[in-house]
Each structure stands twice: as C-alpha cells, then as structure tokens.
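Structure file work_23.pdb; described as PDB, C-alpha atoms.
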ATOM      1  CA  MET A   1     -14.977 -37.510  33.054
ATOM      2  CA  SER A   2     -14.090 -37.862  36.749
ATOM      3  CA  ASP A   3     -14.343 -34.925  39.183
ATOM      4  CA  VAL A   4     -10.525 -34.849  39.478
ATOM      5  CA  ALA A   5     -10.230 -34.412  35.688
ATOM      6  CA  LYS A   6     -12.969 -31.758  35.804
ATOM      7  CA  VAL A   7     -11.047 -29.754  38.418
ATOM      8  CA  GLU A   8      -7.875 -29.959  36.263
ATOM      9  CA  GLU A   9      -9.913 -28.777  33.249
ATOM     10  CA  LEU A  10     -11.353 -25.921  35.349
ATOM     11  CA  VAL A  11      -7.841 -24.692  36.254
ATOM     12  CA  LYS A  12      -6.836 -24.573  32.555
ATOM     13  CA  LYS A  13     -10.005 -22.780  31.475
ATOM     14  CA  TYR A  14      -9.818 -20.381  34.428
ATOM     15  CA  HIS A  15      -6.345 -19.190  33.305
ATOM     16  CA  ALA A  16      -7.580 -18.864  29.714
ATOM     17  CA  LEU A  17     -10.558 -16.871  31.013
ATOM     18  CA  LYS A  18      -8.309 -14.473  32.957
ATOM     19  CA  SER A  19      -6.152 -13.923  29.823
ATOM     20  CA  GLU A  20      -9.268 -13.237  27.747
ATOM     21  CA  ILE A  21     -10.590 -10.678  30.271
ATOM     22  CA  ALA A  22      -7.125  -9.031  30.453
ATOM     23  CA  LYS A  23      -7.469  -8.095  26.736
ATOM     24  CA  VAL A  24     -10.010  -5.473  27.840
ATOM     25  CA  ILE A  25      -9.487  -4.906  31.578
ATOM     26  CA  VAL A  26      -6.077  -3.726  32.775
ATOM     27  CA  GLY A  27      -5.114  -4.838  36.315
ATOM     28  CA  GLN A  28      -7.896  -5.420  38.901
ATOM     29  CA  ASP A  29      -6.706  -9.027  39.047
ATOM     30  CA  GLU A  30      -7.952  -9.696  42.579
ATOM     31  CA  VAL A  31     -11.374  -8.144  41.860
ATOM     32  CA  ILE A  32     -11.877 -10.287  38.729
ATOM     33  CA  SER A  33     -10.848 -13.420  40.671
ATOM     34  CA  GLN A  34     -13.402 -12.688  43.382
ATOM     35  CA  ILE A  35     -16.196 -12.057  40.861
ATOM     36  CA  LEU A  36     -15.393 -15.359  39.120
ATOM     37  CA  ILE A  37     -15.258 -17.199  42.469
ATOM     38  CA  SER A  38     -18.715 -15.908  43.361
ATOM     39  CA  ILE A  39     -20.126 -16.882  39.922
ATOM     40  CA  PHE A  40     -18.656 -20.404  40.155
ATOM     41  CA  SER A  41     -19.958 -20.680  43.754
ATOM     42  CA  GLY A  42     -23.436 -19.530  42.697
ATOM     43  CA  GLY A  43     -23.342 -16.334  44.814
ATOM     44  CA  HIS A  44     -23.828 -12.601  44.215
ATOM     45  CA  ALA A  45     -21.281  -9.808  44.650
ATOM     46  CA  LEU A  46     -21.335  -6.166  45.710
ATOM     47  CA  LEU A  47     -18.686  -3.903  44.136
ATOM     48  CA  ILE A  48     -17.728  -0.801  46.097
ATOM     49  CA  GLY A  49     -15.687   1.798  44.239
ATOM     50  CA  VAL A  50     -15.613   5.389  43.007
ATOM     51  CA  PRO A  51     -16.956   6.213  39.497
ATOM     52  CA  GLY A  52     -14.782   5.616  36.445
ATOM     53  CA  LEU A  53     -13.071   2.380  37.548
ATOM     54  CA  ALA A  54     -14.608   0.392  34.645
ATOM     55  CA  LYS A  55     -17.047  -1.563  36.822
ATOM     56  CA  THR A  56     -19.648  -1.832  34.031
ATOM     57  CA  LEU A  57     -17.042  -2.705  31.404
ATOM     58  CA  MET A  58     -15.586  -5.372  33.702
ATOM     59  CA  VAL A  59     -18.954  -7.065  34.285
ATOM     60  CA  ASN A  60     -19.859  -6.854  30.593
ATOM     61  CA  THR A  61     -16.508  -8.403  29.597
ATOM     62  CA  ILE A  62     -16.861 -11.211  32.165
ATOM     63  CA  ALA A  63     -20.410 -11.929  30.885
ATOM     64  CA  GLN A  64     -19.114 -12.120  27.284
ATOM     65  CA  THR A  65     -16.248 -14.494  28.133
ATOM     66  CA  LEU A  66     -18.645 -16.718  30.093
ATOM     67  CA  GLY A  67     -21.125 -16.769  27.195
ATOM     68  CA  LEU A  68     -23.909 -15.326  29.349
ATOM     69  CA  ASP A  69     -26.724 -12.880  28.706
ATOM     70  CA  PHE A  70     -26.005  -9.520  30.429
ATOM     71  CA  LYS A  71     -28.286  -6.605  31.398
ATOM     72  CA  ARG A  72     -27.459  -3.366  33.183
ATOM     73  CA  ILE A  73     -30.015  -1.566  35.359
ATOM     74  CA  GLN A  74     -29.209   2.009  36.393
ATOM     75  CA  PHE A  75     -30.822   2.518  39.799
ATOM     76  CA  THR A  76     -32.328   5.977  40.339
ATOM     77  CA  PRO A  77     -34.596   7.473  43.047
ATOM     78  CA  ASP A  78     -37.674   7.245  40.767
ATOM     79  CA  LEU A  79     -37.146   3.626  39.634
ATOM     80  CA  MET A  80     -40.178   1.414  40.355
ATOM     81  CA  PRO A  81     -40.192  -2.374  40.999
ATOM     82  CA  SER A  82     -42.086  -2.914  37.704
ATOM     83  CA  ASP A  83     -39.202  -1.187  35.826
ATOM     84  CA  ILE A  84     -36.988  -4.073  36.980
ATOM     85  CA  LEU A  85     -39.331  -7.059  37.084
ATOM     86  CA  GLY A  86     -41.571  -6.260  34.121
ATOM     87  CA  SER A  87     -45.311  -5.687  34.014
ATOM     88  CA  GLU A  88     -48.562  -7.040  32.626
ATOM     89  CA  ILE A  89     -50.195  -5.172  29.716
ATOM     90  CA  LEU A  90     -53.431  -5.662  27.807
ATOM     91  CA  ASP A  91     -52.741  -6.865  24.267
ATOM     92  CA  GLU A  92     -54.925  -6.182  21.224
ATOM     93  CA  LYS A  93     -57.112  -9.233  22.058
ATOM     94  CA  ARG A  94     -57.658  -7.770  25.529
ATOM     95  CA  HIS A  95     -55.657 -10.544  27.221
ATOM     96  CA  PHE A  96     -53.080  -9.780  29.876
ATOM     97  CA  LYS A  97     -49.587 -10.358  28.584
ATOM     98  CA  PHE A  98     -46.420 -10.266  30.706
ATOM     99  CA  ILE A  99     -43.563  -8.154  29.344
ATOM    100  CA  LYS A 100     -40.313  -9.267  30.973
ATOM    101  CA  GLY A 101     -38.144  -6.639  32.650
ATOM    102  CA  PRO A 102     -34.334  -6.415  32.535
ATOM    103  CA  ILE A 103     -34.026  -8.767  35.529
ATOM    104  CA  PHE A 104     -34.518 -11.689  33.087
ATOM    105  CA  ALA A 105     -30.855 -12.213  32.153
ATOM    106  CA  ASN A 106     -28.021 -14.410  33.460
ATOM    107  CA  ILE A 107     -25.894 -11.564  34.797
ATOM    108  CA  ILE A 108     -27.492  -8.391  36.157
ATOM    109  CA  LEU A 109     -25.443  -5.307  36.873
ATOM    110  CA  ALA A 110     -27.414  -3.304  39.449
ATOM    111  CA  ASP A 111     -25.626   0.011  39.087
ATOM    112  CA  GLU A 112     -25.607   2.276  42.162
ATOM    113  CA  ILE A 113     -28.093   0.118  44.048
ATOM    114  CA  ASN A 114     -28.051   2.527  47.011
ATOM    115  CA  ARG A 115     -29.624   5.309  44.879
ATOM    116  CA  THR A 116     -33.056   3.674  44.783
ATOM    117  CA  PRO A 117     -35.723   3.462  47.538
ATOM    118  CA  PRO A 118     -36.090   0.292  49.662
ATOM    119  CA  LYS A 119     -39.264  -0.801  47.797
ATOM    120  CA  THR A 120     -37.272  -1.131  44.557
ATOM    121  CA  GLN A 121     -34.198  -2.614  46.286
ATOM    122  CA  ALA A 122     -36.511  -5.290  47.740
ATOM    123  CA  ALA A 123     -37.682  -6.245  44.221
ATOM    124  CA  LEU A 124     -34.190  -7.646  43.680
ATOM    125  CA  LEU A 125     -34.321  -9.683  46.887
ATOM    126  CA  GLU A 126     -36.691 -12.424  45.743
ATOM    127  CA  ALA A 127     -34.793 -12.746  42.473
ATOM    128  CA  MET A 128     -31.450 -13.062  44.286
ATOM    129  CA  GLN A 129     -32.661 -15.550  46.868
ATOM    130  CA  GLU A 130     -35.313 -17.609  45.084
ATOM    131  CA  ARG A 131     -34.118 -17.247  41.447
ATOM    132  CA  SER A 132     -37.713 -16.354  40.583
ATOM    133  CA  VAL A 133     -39.987 -13.286  40.584
ATOM    134  CA  THR A 134     -43.672 -12.842  41.357
ATOM    135  CA  VAL A 135     -45.683 -10.336  39.313
ATOM    136  CA  ALA A 136     -49.484  -9.962  39.701
ATOM    137  CA  GLY A 137     -49.660 -13.281  41.559
ATOM    138  CA  HIS A 138     -47.796 -15.257  38.865
ATOM    139  CA  ASN A 139     -44.395 -16.771  39.593
ATOM    140  CA  TYR A 140     -41.776 -16.625  36.832
ATOM    141  CA  LYS A 141     -38.548 -18.634  37.020
ATOM    142  CA  LEU A 142     -35.302 -16.917  36.048
ATOM    143  CA  SER A 143     -32.910 -18.670  33.698
ATOM    144  CA  LEU A 144     -29.856 -20.197  35.359
ATOM    145  CA  PRO A 145     -27.067 -19.445  36.083
ATOM    146  CA  TYR A 146     -28.313 -16.253  37.727
ATOM    147  CA  PHE A 147     -25.941 -13.726  39.180
ATOM    148  CA  VAL A 148     -26.465 -10.181  40.530
ATOM    149  CA  LEU A 149     -23.538  -7.815  40.650
ATOM    150  CA  ALA A 150     -24.443  -4.584  42.403
ATOM    151  CA  THR A 151     -22.262  -1.482  42.577
ATOM    152  CA  GLN A 152     -22.176   1.109  45.313
ATOM    153  CA  ASN A 153     -20.501   4.485  45.172
ATOM    154  CA  PRO A 154     -18.731   5.257  48.497
ATOM    155  CA  ILE A 155     -18.780   9.028  47.851
ATOM    156  CA  GLU A 156     -21.752  11.402  47.326
ATOM    157  CA  GLN A 157     -23.861   9.750  50.008
ATOM    158  CA  GLU A 158     -26.552  12.489  49.978
ATOM    159  CA  GLY A 159     -29.871  11.214  48.688
ATOM    160  CA  THR A 160     -28.910   7.560  48.970
ATOM    161  CA  TYR A 161     -30.704   4.674  50.664
ATOM    162  CA  PRO A 162     -28.061   2.452  52.318
ATOM    163  CA  LEU A 163     -28.769  -1.259  51.877
ATOM    164  CA  PRO A 164     -30.226  -2.795  55.057
ATOM    165  CA  GLU A 165     -28.145  -5.499  56.769
ATOM    166  CA  ALA A 166     -30.556  -8.286  55.735
ATOM    167  CA  GLN A 167     -30.077  -7.304  52.105
ATOM    168  CA  LEU A 168     -26.295  -6.953  52.385
ATOM    169  CA  ASP A 169     -26.215 -10.498  53.782
ATOM    170  CA  ARG A 170     -27.645 -11.768  50.452
ATOM    171  CA  PHE A 171     -24.354 -10.821  48.761
ATOM    172  CA  MET A 172     -21.688 -13.485  49.021
ATOM    173  CA  PHE A 173     -18.842 -11.008  48.470
ATOM    174  CA  ALA A 174     -18.316  -7.294  49.037
ATOM    175  CA  VAL A 175     -15.354  -6.325  46.854
ATOM    176  CA  ASN A 176     -13.491  -3.030  47.218
ATOM    177  CA  LEU A 177     -12.181  -1.525  43.971
ATOM    178  CA  ASP A 178      -9.118   0.697  44.258
ATOM    179  CA  TYR A 179      -7.602   3.162  41.815
ATOM    180  CA  PRO A 180      -5.201   1.560  39.288
ATOM    181  CA  THR A 181      -1.440   1.909  39.803
ATOM    182  CA  PHE A 182       0.419   4.561  37.772
ATOM    183  CA  ASP A 183       1.627   2.004  35.172
ATOM    184  CA  GLU A 184      -1.830   0.433  34.891
ATOM    185  CA  GLU A 185      -3.428   3.847  34.362
ATOM    186  CA  VAL A 186      -0.896   4.616  31.606
ATOM    187  CA  GLN A 187      -1.864   1.312  29.943
ATOM    188  CA  VAL A 188      -5.586   2.118  30.293
ATOM    189  CA  VAL A 189      -5.165   5.527  28.665
ATOM    190  CA  LYS A 190      -3.093   4.041  25.812
ATOM    191  CA  ALA A 191      -5.626   1.292  25.171
ATOM    192  CA  THR A 192      -8.761   3.443  25.334
ATOM    193  CA  THR A 193      -7.747   6.515  23.339
ATOM    194  CA  THR A 194      -7.141   4.774  20.008
ATOM    195  CA  ASP A 195      -9.528   3.462  17.364
ATOM    196  CA  VAL A 196      -8.730  -0.206  18.112
ATOM    197  CA  GLN A 197     -11.471  -2.171  19.868
ATOM    198  CA  ALA A 198     -10.417  -5.288  21.783
ATOM    199  CA  THR A 199     -12.755  -8.246  21.295
ATOM    200  CA  VAL A 200     -13.102 -11.191  23.649
ATOM    201  CA  ASN A 201     -14.093 -14.762  22.892
ATOM    202  CA  SER A 202     -16.723 -16.725  24.760
ATOM    203  CA  LEU A 203     -15.092 -19.708  26.522
ATOM    204  CA  TYR A 204     -18.094 -21.159  28.358
ATOM    205  CA  SER A 205     -21.803 -21.748  27.965
ATOM    206  CA  ALA A 206     -24.551 -21.399  30.591
ATOM    207  CA  GLU A 207     -24.742 -25.237  30.904
ATOM    208  CA  GLU A 208     -20.991 -25.520  31.577
ATOM    209  CA  ILE A 209     -21.179 -22.900  34.345
ATOM    210  CA  ILE A 210     -24.090 -24.749  36.004
ATOM    211  CA  GLU A 211     -21.969 -27.936  35.799
ATOM    212  CA  ILE A 212     -19.051 -26.100  37.497
ATOM    213  CA  GLN A 213     -21.402 -24.914  40.270
ATOM    214  CA  HIS A 214     -22.436 -28.553  40.890
ATOM    215  CA  LEU A 215     -18.784 -29.669  40.755
ATOM    216  CA  ILE A 216     -17.831 -27.090  43.429
ATOM    217  CA  ARG A 217     -20.560 -28.415  45.732
ATOM    218  CA  ARG A 218     -19.258 -31.976  45.288
ATOM    219  CA  ILE A 219     -15.729 -31.039  46.479
ATOM    220  CA  PRO A 220     -15.106 -32.658  49.894
ATOM    221  CA  VAL A 221     -14.102 -30.530  52.906
ATOM    222  CA  ALA A 222     -12.340 -31.808  56.052
ATOM    223  CA  ASP A 223     -14.232 -31.312  59.332
ATOM    224  CA  ASN A 224     -11.421 -29.223  60.838
ATOM    225  CA  VAL A 225     -11.718 -26.703  57.935
ATOM    226  CA  ILE A 226     -15.498 -26.399  58.445
ATOM    227  CA  GLU A 227     -14.973 -25.968  62.199
ATOM    228  CA  TYR A 228     -12.325 -23.301  61.527
ATOM    229  CA  ALA A 229     -14.736 -21.342  59.292
ATOM    230  CA  VAL A 230     -17.622 -21.580  61.786
ATOM    231  CA  LYS A 231     -15.309 -20.582  64.653
ATOM    232  CA  MET A 232     -14.071 -17.573  62.678
ATOM    233  CA  VAL A 233     -17.645 -16.404  62.071
ATOM    234  CA  SER A 234     -18.710 -16.979  65.698
ATOM    235  CA  LYS A 235     -15.718 -14.880  66.838
ATOM    236  CA  THR A 236     -17.258 -11.859  65.037
ATOM    237  CA  ARG A 237     -20.209 -11.861  67.485
ATOM    238  CA  PRO A 238     -19.360  -9.515  70.386
ATOM    239  CA  ASN A 239     -21.504 -11.462  72.903
ATOM    240  CA  GLY A 240     -19.948 -14.829  72.062
ATOM    241  CA  LYS A 241     -17.521 -16.671  74.380
ATOM    242  CA  GLU A 242     -14.926 -16.884  71.593
ATOM    243  CA  ALA A 243     -14.966 -13.149  70.730
ATOM    244  CA  PRO A 244     -11.513 -11.487  70.964
ATOM    245  CA  GLU A 245     -11.087  -8.092  72.697
ATOM    246  CA  LEU A 246     -10.979  -6.225  69.370
ATOM    247  CA  VAL A 247     -14.440  -7.573  68.497
ATOM    248  CA  LYS A 248     -15.915  -6.866  71.958
ATOM    249  CA  ASN A 249     -14.639  -3.280  71.863
ATOM    250  CA  TYR A 250     -15.370  -2.296  68.270
ATOM    251  CA  ILE A 251     -18.263  -4.371  66.881
ATOM    252  CA  ASP A 252     -22.014  -3.972  67.490
ATOM    253  CA  TRP A 253     -23.210  -6.960  65.444
ATOM    254  CA  GLY A 254     -21.388  -9.958  64.006
ATOM    255  CA  ALA A 255     -21.958 -12.217  60.993
ATOM    256  CA  GLY A 256     -24.744 -14.821  60.780
ATOM    257  CA  PRO A 257     -24.705 -18.496  59.653
ATOM    258  CA  ARG A 258     -24.905 -17.516  55.967
ATOM    259  CA  ALA A 259     -21.328 -16.206  56.338
ATOM    260  CA  SER A 260     -20.136 -19.683  57.426
ATOM    261  CA  GLN A 261     -21.855 -21.312  54.437
ATOM    262  CA  ASN A 262     -20.352 -18.762  52.047
ATOM    263  CA  LEU A 263     -16.866 -19.122  53.562
ATOM    264  CA  ILE A 264     -16.868 -22.857  52.836
ATOM    265  CA  LEU A 265     -18.387 -22.550  49.337
ATOM    266  CA  ALA A 266     -15.945 -19.800  48.339
ATOM    267  CA  ALA A 267     -13.002 -21.705  49.883
ATOM    268  CA  LYS A 268     -13.955 -24.760  47.765
ATOM    269  CA  THR A 269     -13.961 -22.615  44.594
ATOM    270  CA  HIS A 270     -10.710 -20.870  45.591
ATOM    271  CA  ALA A 271      -9.087 -24.280  46.090
ATOM    272  CA  ALA A 272     -10.448 -25.672  42.787
ATOM    273  CA  ILE A 273      -9.213 -22.781  40.603
ATOM    274  CA  HIS A 274      -5.769 -23.234  42.165
ATOM    275  CA  GLY A 275      -5.742 -26.959  41.325
ATOM    276  CA  LYS A 276      -6.506 -28.323  44.813
ATOM    277  CA  PHE A 277      -9.061 -31.085  45.310
ATOM    278  CA  SER A 278     -10.086 -30.015  48.824
ATOM    279  CA  PRO A 279      -9.847 -26.613  50.557
ATOM    280  CA  ASP A 280      -7.652 -25.994  53.584
ATOM    281  CA  ILE A 281      -7.468 -23.200  56.166
ATOM    282  CA  GLU A 282      -5.434 -20.951  53.802
ATOM    283  CA  ASN A 283      -8.302 -21.044  51.267
ATOM    284  CA  VAL A 284     -10.767 -19.968  53.971
ATOM    285  CA  GLN A 285      -8.473 -17.091  54.968
ATOM    286  CA  ALA A 286      -8.046 -16.044  51.323
ATOM    287  CA  VAL A 287     -11.770 -15.346  50.925
ATOM    288  CA  ALA A 288     -12.576 -14.236  54.494
ATOM    289  CA  GLN A 289     -12.116 -10.465  54.002
ATOM    290  CA  SER A 290     -14.626 -10.169  51.150
ATOM    291  CA  ILE A 291     -17.156 -12.456  52.821
ATOM    292  CA  LEU A 292     -17.092 -10.884  56.297
ATOM    293  CA  ARG A 293     -16.428  -7.220  55.414
ATOM    294  CA  HIS A 294     -20.080  -6.265  54.881
ATOM    295  CA  ARG A 295     -21.466  -8.554  57.571
ATOM    296  CA  ILE A 296     -19.863  -6.984  60.640
ATOM    297  CA  ILE A 297     -21.203  -3.693  61.958
ATOM    298  CA  LYS A 298     -18.671  -1.439  63.670
ATOM    299  CA  ASN A 299     -19.647   0.806  66.584
ATOM    300  CA  TYR A 300     -18.988   4.565  66.915
ATOM    301  CA  LYS A 301     -15.768   3.840  68.860
ATOM    302  CA  ALA A 302     -14.276   1.956  65.888
ATOM    303  CA  GLU A 303     -15.212   4.851  63.581
ATOM    304  CA  ALA A 304     -13.696   7.405  65.984
ATOM    305  CA  GLU A 305     -10.434   5.457  66.354
ATOM    306  CA  GLY A 306     -10.163   4.620  62.654
ATOM    307  CA  ILE A 307     -10.314   0.836  63.143
ATOM    308  CA  SER A 308     -11.123  -0.832  59.796
ATOM    309  CA  GLU A 309     -13.127  -4.011  59.125
ATOM    310  CA  GLU A 310      -9.954  -5.465  57.561
ATOM    311  CA  GLN A 311      -7.994  -5.097  60.833
ATOM    312  CA  ILE A 312     -10.798  -6.731  62.824
ATOM    313  CA  ILE A 313     -11.128  -9.662  60.372
ATOM    314  CA  LYS A 314      -7.353 -10.201  60.317
ATOM    315  CA  SER A 315      -7.345 -10.505  64.115
ATOM    316  CA  LEU A 316      -9.709 -13.517  63.745
ATOM    317  CA  PHE A 317      -7.126 -15.554  61.794
TER     318      PHE A 317
END

How does this structure look as structure tokens?
Amino acid sequence: MSDVAKVEELVKKYHALKSEIAKVIVGQDEVISQILISIFSGGHALLIGVPGLAKTLMVNTIAQTLGLDFKRIQFTPDLMPSDILGSEILDEKRHFKFIKGPIFANIILADEINRTPPKTQAALLEAMQERSVTVAGHNYKLSLPYFVLATQNPIEQEGTYPLPEAQLDRFMFAVNLDYPTFDEEVQVVKATTTDVQATVNSLYSAEEIIEIQHLIRRIPVADNVIEYAVKMVSKTRPNGKEAPELVKNYIDWGAGPRASQNLILAAKTHAAIHGKFSPDIENVQAVAQSILRHRIIKNYKAEAEGISEEQIIKSLF
C-alpha cells in the first residue's frame, strides 16, 4: 500500500475513532483531537483542567479504542520512584527478581503530576524521553507505542510541586480542558445516571499505531513551512531580533528548538488526519497554541495586566 493510500485510510479510521470515543465522551472534541495528534506524532500531552471533567475516563476510552494497554498512576506527596518504576525483590531461591511498576504500559495517565515531589516526577523523565527505565543498574525497555498523559489541577495549588520548565518541555502538547456547554452537560447527566454502560470497540493495534507514527515522519514538508515554524518559535525569545513588542514586554523566556520540532511533527499529523499529503502554514497555526503555551514564561507585568499566553502566541501568526 502506498503512503498516499495509507493517509486516505488514516482519515477514514480517524473519523471512525472519533465516533467510537463519542459513545462515551460528550463534547471535548478539540481536546480529543489534540490527544490523538500527539499519540500519532509519538509525543506526550499535559492536560490542565479542574476535577470532574472526565480526564481519566477520556484517556481510558482512547486507550481502549486504540487497542492499547492503559495504567493510571495517582501522584501523591508520599509516592516514591520505585512505586512507579517497580523494584527488585528477593524470591524464594534468594535471587533478585524485578517486579515491574505501573509505568510498563502503552498509555500512562499520570494523575495530578504536580502533587508529587521532584524526585518522583523525575522518574517519569527517563521513561518519557528514552522509552526505557533504569532500576538497580539494569535498563528495561518499555513496550511501544509509549505515551504519557499527565493531568494538572489549576486550582488548590497549596502543597504542590510545579513542574520545572525542562520537564514541561518534554510534553508535546499542553491542552486546556474547559467546562462543558449547558447542552453537553445535560447530555452527560442523562448518559451517566442510568444503568446503561456504553462500550467501545478497539479499532487499532499497537503495531498499526507504530506504523502510523512512521508514516507521519515520512510526510514531506516544504522548506517555507519549516522556516515559518522556526521563525514563529524564535519570535517567542525576548532577546531575539525577530521578537515583536508584545514578546519583549511580557515574556521572560521563550521556547527552545524542541518546540520547532514538535510544531512540524504535529502539523504533519494535523494535515494527515484532514486528508492532506503535506502540511501548510494553516496546519502549523492550528497546533501552535498547544505546543507553545507551556513553553513561554510570562513576566510579572503580563500577570499584572492580564495578558494571556494565547494572546501572545496569536500575535506571532
């Protein structure tokens, strides 16, 4: 099958996937699209939203429809790295035996990642970057595809450990979840207060998702689109020649080269799921908010004047 035929097949299956997920999740269309884009691009995503917006249910449903193994880790202040990675124990023959932790799954939901100390947050880092973990000097490979979806609660910030910038940069997307609309909330209440359980079918296998990730990387990109993405990222750096006034006045630190790489990868996936065989500038703009949002650091002046990351990123278009 040629790559063109594979892209056409991807579009069909993507729509079927969205319909399958919609059996359980009402609304949140944009959020689901962004999670799927990051999975198909081989990236990780950070979900930011208040409690009760079905974040766990959404990730679980997506894992089921993709035919992937799913584990949820609830991050707490007393969680230790070994609780995530696993540990070595002495068996009855007095040999050391490694017991795998919950990190050994295809999709990991790291719930409330900012509730755990940096030592435990860092245990996720190697897994996210290297797709492997090291315990007691032994290196263990994680099964592919591997995808971390972390959630952060924007309220109740007492007793939390905000993710450092280097760790935030490991996430391809930062996705904001909003409250459902009135009609959507009515639908949610109707669907969840009866005895009927919606079931979803698995439409993919792990091998097919790995194949899609390779297909995305094979999609060609015109030089002017790559230059546009790199220029957009360099404009976020307040000391750069290209930086607009808004950036110079309101930003302390801009995005690094990983943002440029992610912009192009996500633009390729965004183009492919919409039936295009090469991304253009509109595809880059479509994914820019979620890719740059957590990579630019506003100064106190921006906070005082109520300037949002979204406004700053829009000015770069």

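With only C-alpha atoms as the atoms that count, the residue of A:Arg293, A:Ala243, A:Ile251, A:Lys119 with the shortest distance to Leu316 (chain A) is A:Ala243.
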
Decode the PyMOL selection byres ((chain A and resi 229-240) around 7) for the given file into explicit residues and return them as a compact mmCIF listing (two decimals) with C-alpha atoms, keeping the file's coordinate frame.
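Printed below is part.txt as written:
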# COMPACT_ATOMS: atom_id res chain seq x y z
CA VAL A 225 -11.72 -26.70 57.94
CA ILE A 226 -15.50 -26.40 58.44
CA GLU A 227 -14.97 -25.97 62.20
CA TYR A 228 -12.32 -23.30 61.53
CA LYS A 241 -17.52 -16.67 74.38
CA GLU A 242 -14.93 -16.88 71.59
CA ALA A 243 -14.97 -13.15 70.73
CA PRO A 244 -11.51 -11.49 70.96
CA VAL A 247 -14.44 -7.57 68.50
CA LYS A 248 -15.92 -6.87 71.96
CA ILE A 251 -18.26 -4.37 66.88
CA ASP A 252 -22.01 -3.97 67.49
CA TRP A 253 -23.21 -6.96 65.44
CA GLY A 254 -21.39 -9.96 64.01
CA ALA A 255 -21.96 -12.22 60.99
CA ALA A 259 -21.33 -16.21 56.34
CA SER A 260 -20.14 -19.68 57.43
CA LEU A 263 -16.87 -19.12 53.56
CA ILE A 264 -16.87 -22.86 52.84
CA VAL A 284 -10.77 -19.97 53.97
CA LEU A 316 -9.71 -13.52 63.74

12 Å contact set for Gln64 (chain A), all atoms listed in the file, chain neighbours under 5 positions out, as a CSV table (one decimal) with C-alpha atoms, in the coordinates of the input:
chain,number,residue,atom,x,y,z
A,17,LEU,CA,-10.6,-16.9,31.0
A,20,GLU,CA,-9.3,-13.2,27.7
A,21,ILE,CA,-10.6,-10.7,30.3
A,24,VAL,CA,-10.0,-5.5,27.8
A,57,LEU,CA,-17.0,-2.7,31.4
A,58,MET,CA,-15.6,-5.4,33.7
A,59,VAL,CA,-19.0,-7.1,34.3
A,69,ASP,CA,-26.7,-12.9,28.7
A,70,PHE,CA,-26.0,-9.5,30.4
A,71,LYS,CA,-28.3,-6.6,31.4
A,106,ASN,CA,-28.0,-14.4,33.5
A,107,ILE,CA,-25.9,-11.6,34.8
A,199,THR,CA,-12.8,-8.2,21.3
A,200,VAL,CA,-13.1,-11.2,23.6
A,201,ASN,CA,-14.1,-14.8,22.9
A,202,SER,CA,-16.7,-16.7,24.8
A,203,LEU,CA,-15.1,-19.7,26.5
A,204,TYR,CA,-18.1,-21.2,28.4
A,205,SER,CA,-21.8,-21.7,28.0
A,206,ALA,CA,-24.6,-21.4,30.6

Please identify all polymer residues lying at most 12 Å from the point (-42.7, -1.0, 32.9) (file coordinates), using only C-alpha atoms, and present the result as a short mmCIF file (atom, residue, chain, number, x, y, z; two decimals) with C-alpha atoms, in the coordinates of the input.
data_model
loop_
_atom_site.label_atom_id
_atom_site.label_comp_id
_atom_site.auth_asym_id
_atom_site.auth_seq_id
_atom_site.Cartn_x
_atom_site.Cartn_y
_atom_site.Cartn_z
CA LEU A 79 -37.15 3.63 39.63
CA MET A 80 -40.18 1.41 40.35
CA PRO A 81 -40.19 -2.37 41.00
CA SER A 82 -42.09 -2.91 37.70
CA ASP A 83 -39.20 -1.19 35.83
CA ILE A 84 -36.99 -4.07 36.98
CA LEU A 85 -39.33 -7.06 37.08
CA GLY A 86 -41.57 -6.26 34.12
CA SER A 87 -45.31 -5.69 34.01
CA GLU A 88 -48.56 -7.04 32.63
CA ILE A 89 -50.20 -5.17 29.72
CA PHE A 98 -46.42 -10.27 30.71
CA ILE A 99 -43.56 -8.15 29.34
CA LYS A 100 -40.31 -9.27 30.97
CA GLY A 101 -38.14 -6.64 32.65
CA PRO A 102 -34.33 -6.42 32.53
CA ILE A 103 -34.03 -8.77 35.53
CA VAL A 135 -45.68 -10.34 39.31
#

Discussion item. Can you pull out the residues contacting Phe171 (chain A)? Cut-off 6 Å, using only C-alpha atoms, and skip same-chain residues under 2 positions away; I want them as a ChimeraX atom specification.
Written reply: /A:44-45,168-169,173

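In this model, the gap between CA of Ile113 (chain A) and CA of Thr151 (chain A) comes to 6.2 Å.
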
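Proximity to Gln129 (chain A) was assessed for A:Ala63, A:Gly43, A:Thr194, A:Leu36 counting only C-alpha atoms; the smallest distance is recorded for A:Gly43.
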
Worksheet item: CA of Arg217 (chain A) to CA of Leu149 (chain A): how many Å, to one decimal?
Response: 21.4 Å

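Nearest residue to Pro162 (chain A), choosing from A:Ala302, A:Glu112, A:Leu68, A:Asp3 and counting all atoms listed in the file: A:Glu112.
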
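Of the listed residues A:Lys268, A:Lys301, A:Arg170, A:His294, the one whose atoms come nearest to Ser41 (chain A) is A:Lys268, with distances taken using only C-alpha atoms.
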
Discussion item. Since I can't run it myself right now, could you work out what the PyMOL selection byres ((chain A and resi 126) around 12) selects here and report it as an NGL selection string?
Written reply: :A and (81 or 85 or 103 or 120-125 or 127-135 or 139-142 or 148 or 167 or 170)

Preceding selection exported with C-alpha atoms as a CSV table (one decimal), in the coordinates of the input:
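Done, and the output landed in result-v1.csv:
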chain,number,residue,atom,x,y,z
A,81,PRO,CA,-40.2,-2.4,41.0
A,85,LEU,CA,-39.3,-7.1,37.1
A,103,ILE,CA,-34.0,-8.8,35.5
A,120,THR,CA,-37.3,-1.1,44.6
A,121,GLN,CA,-34.2,-2.6,46.3
A,122,ALA,CA,-36.5,-5.3,47.7
A,123,ALA,CA,-37.7,-6.2,44.2
A,124,LEU,CA,-34.2,-7.6,43.7
A,125,LEU,CA,-34.3,-9.7,46.9
A,127,ALA,CA,-34.8,-12.7,42.5
A,128,MET,CA,-31.4,-13.1,44.3
A,129,GLN,CA,-32.7,-15.6,46.9
A,130,GLU,CA,-35.3,-17.6,45.1
A,131,ARG,CA,-34.1,-17.2,41.4
A,132,SER,CA,-37.7,-16.4,40.6
A,133,VAL,CA,-40.0,-13.3,40.6
A,134,THR,CA,-43.7,-12.8,41.4
A,135,VAL,CA,-45.7,-10.3,39.3
A,139,ASN,CA,-44.4,-16.8,39.6
A,140,TYR,CA,-41.8,-16.6,36.8
A,141,LYS,CA,-38.5,-18.6,37.0
A,142,LEU,CA,-35.3,-16.9,36.0
A,148,VAL,CA,-26.5,-10.2,40.5
A,167,GLN,CA,-30.1,-7.3,52.1
A,170,ARG,CA,-27.6,-11.8,50.5
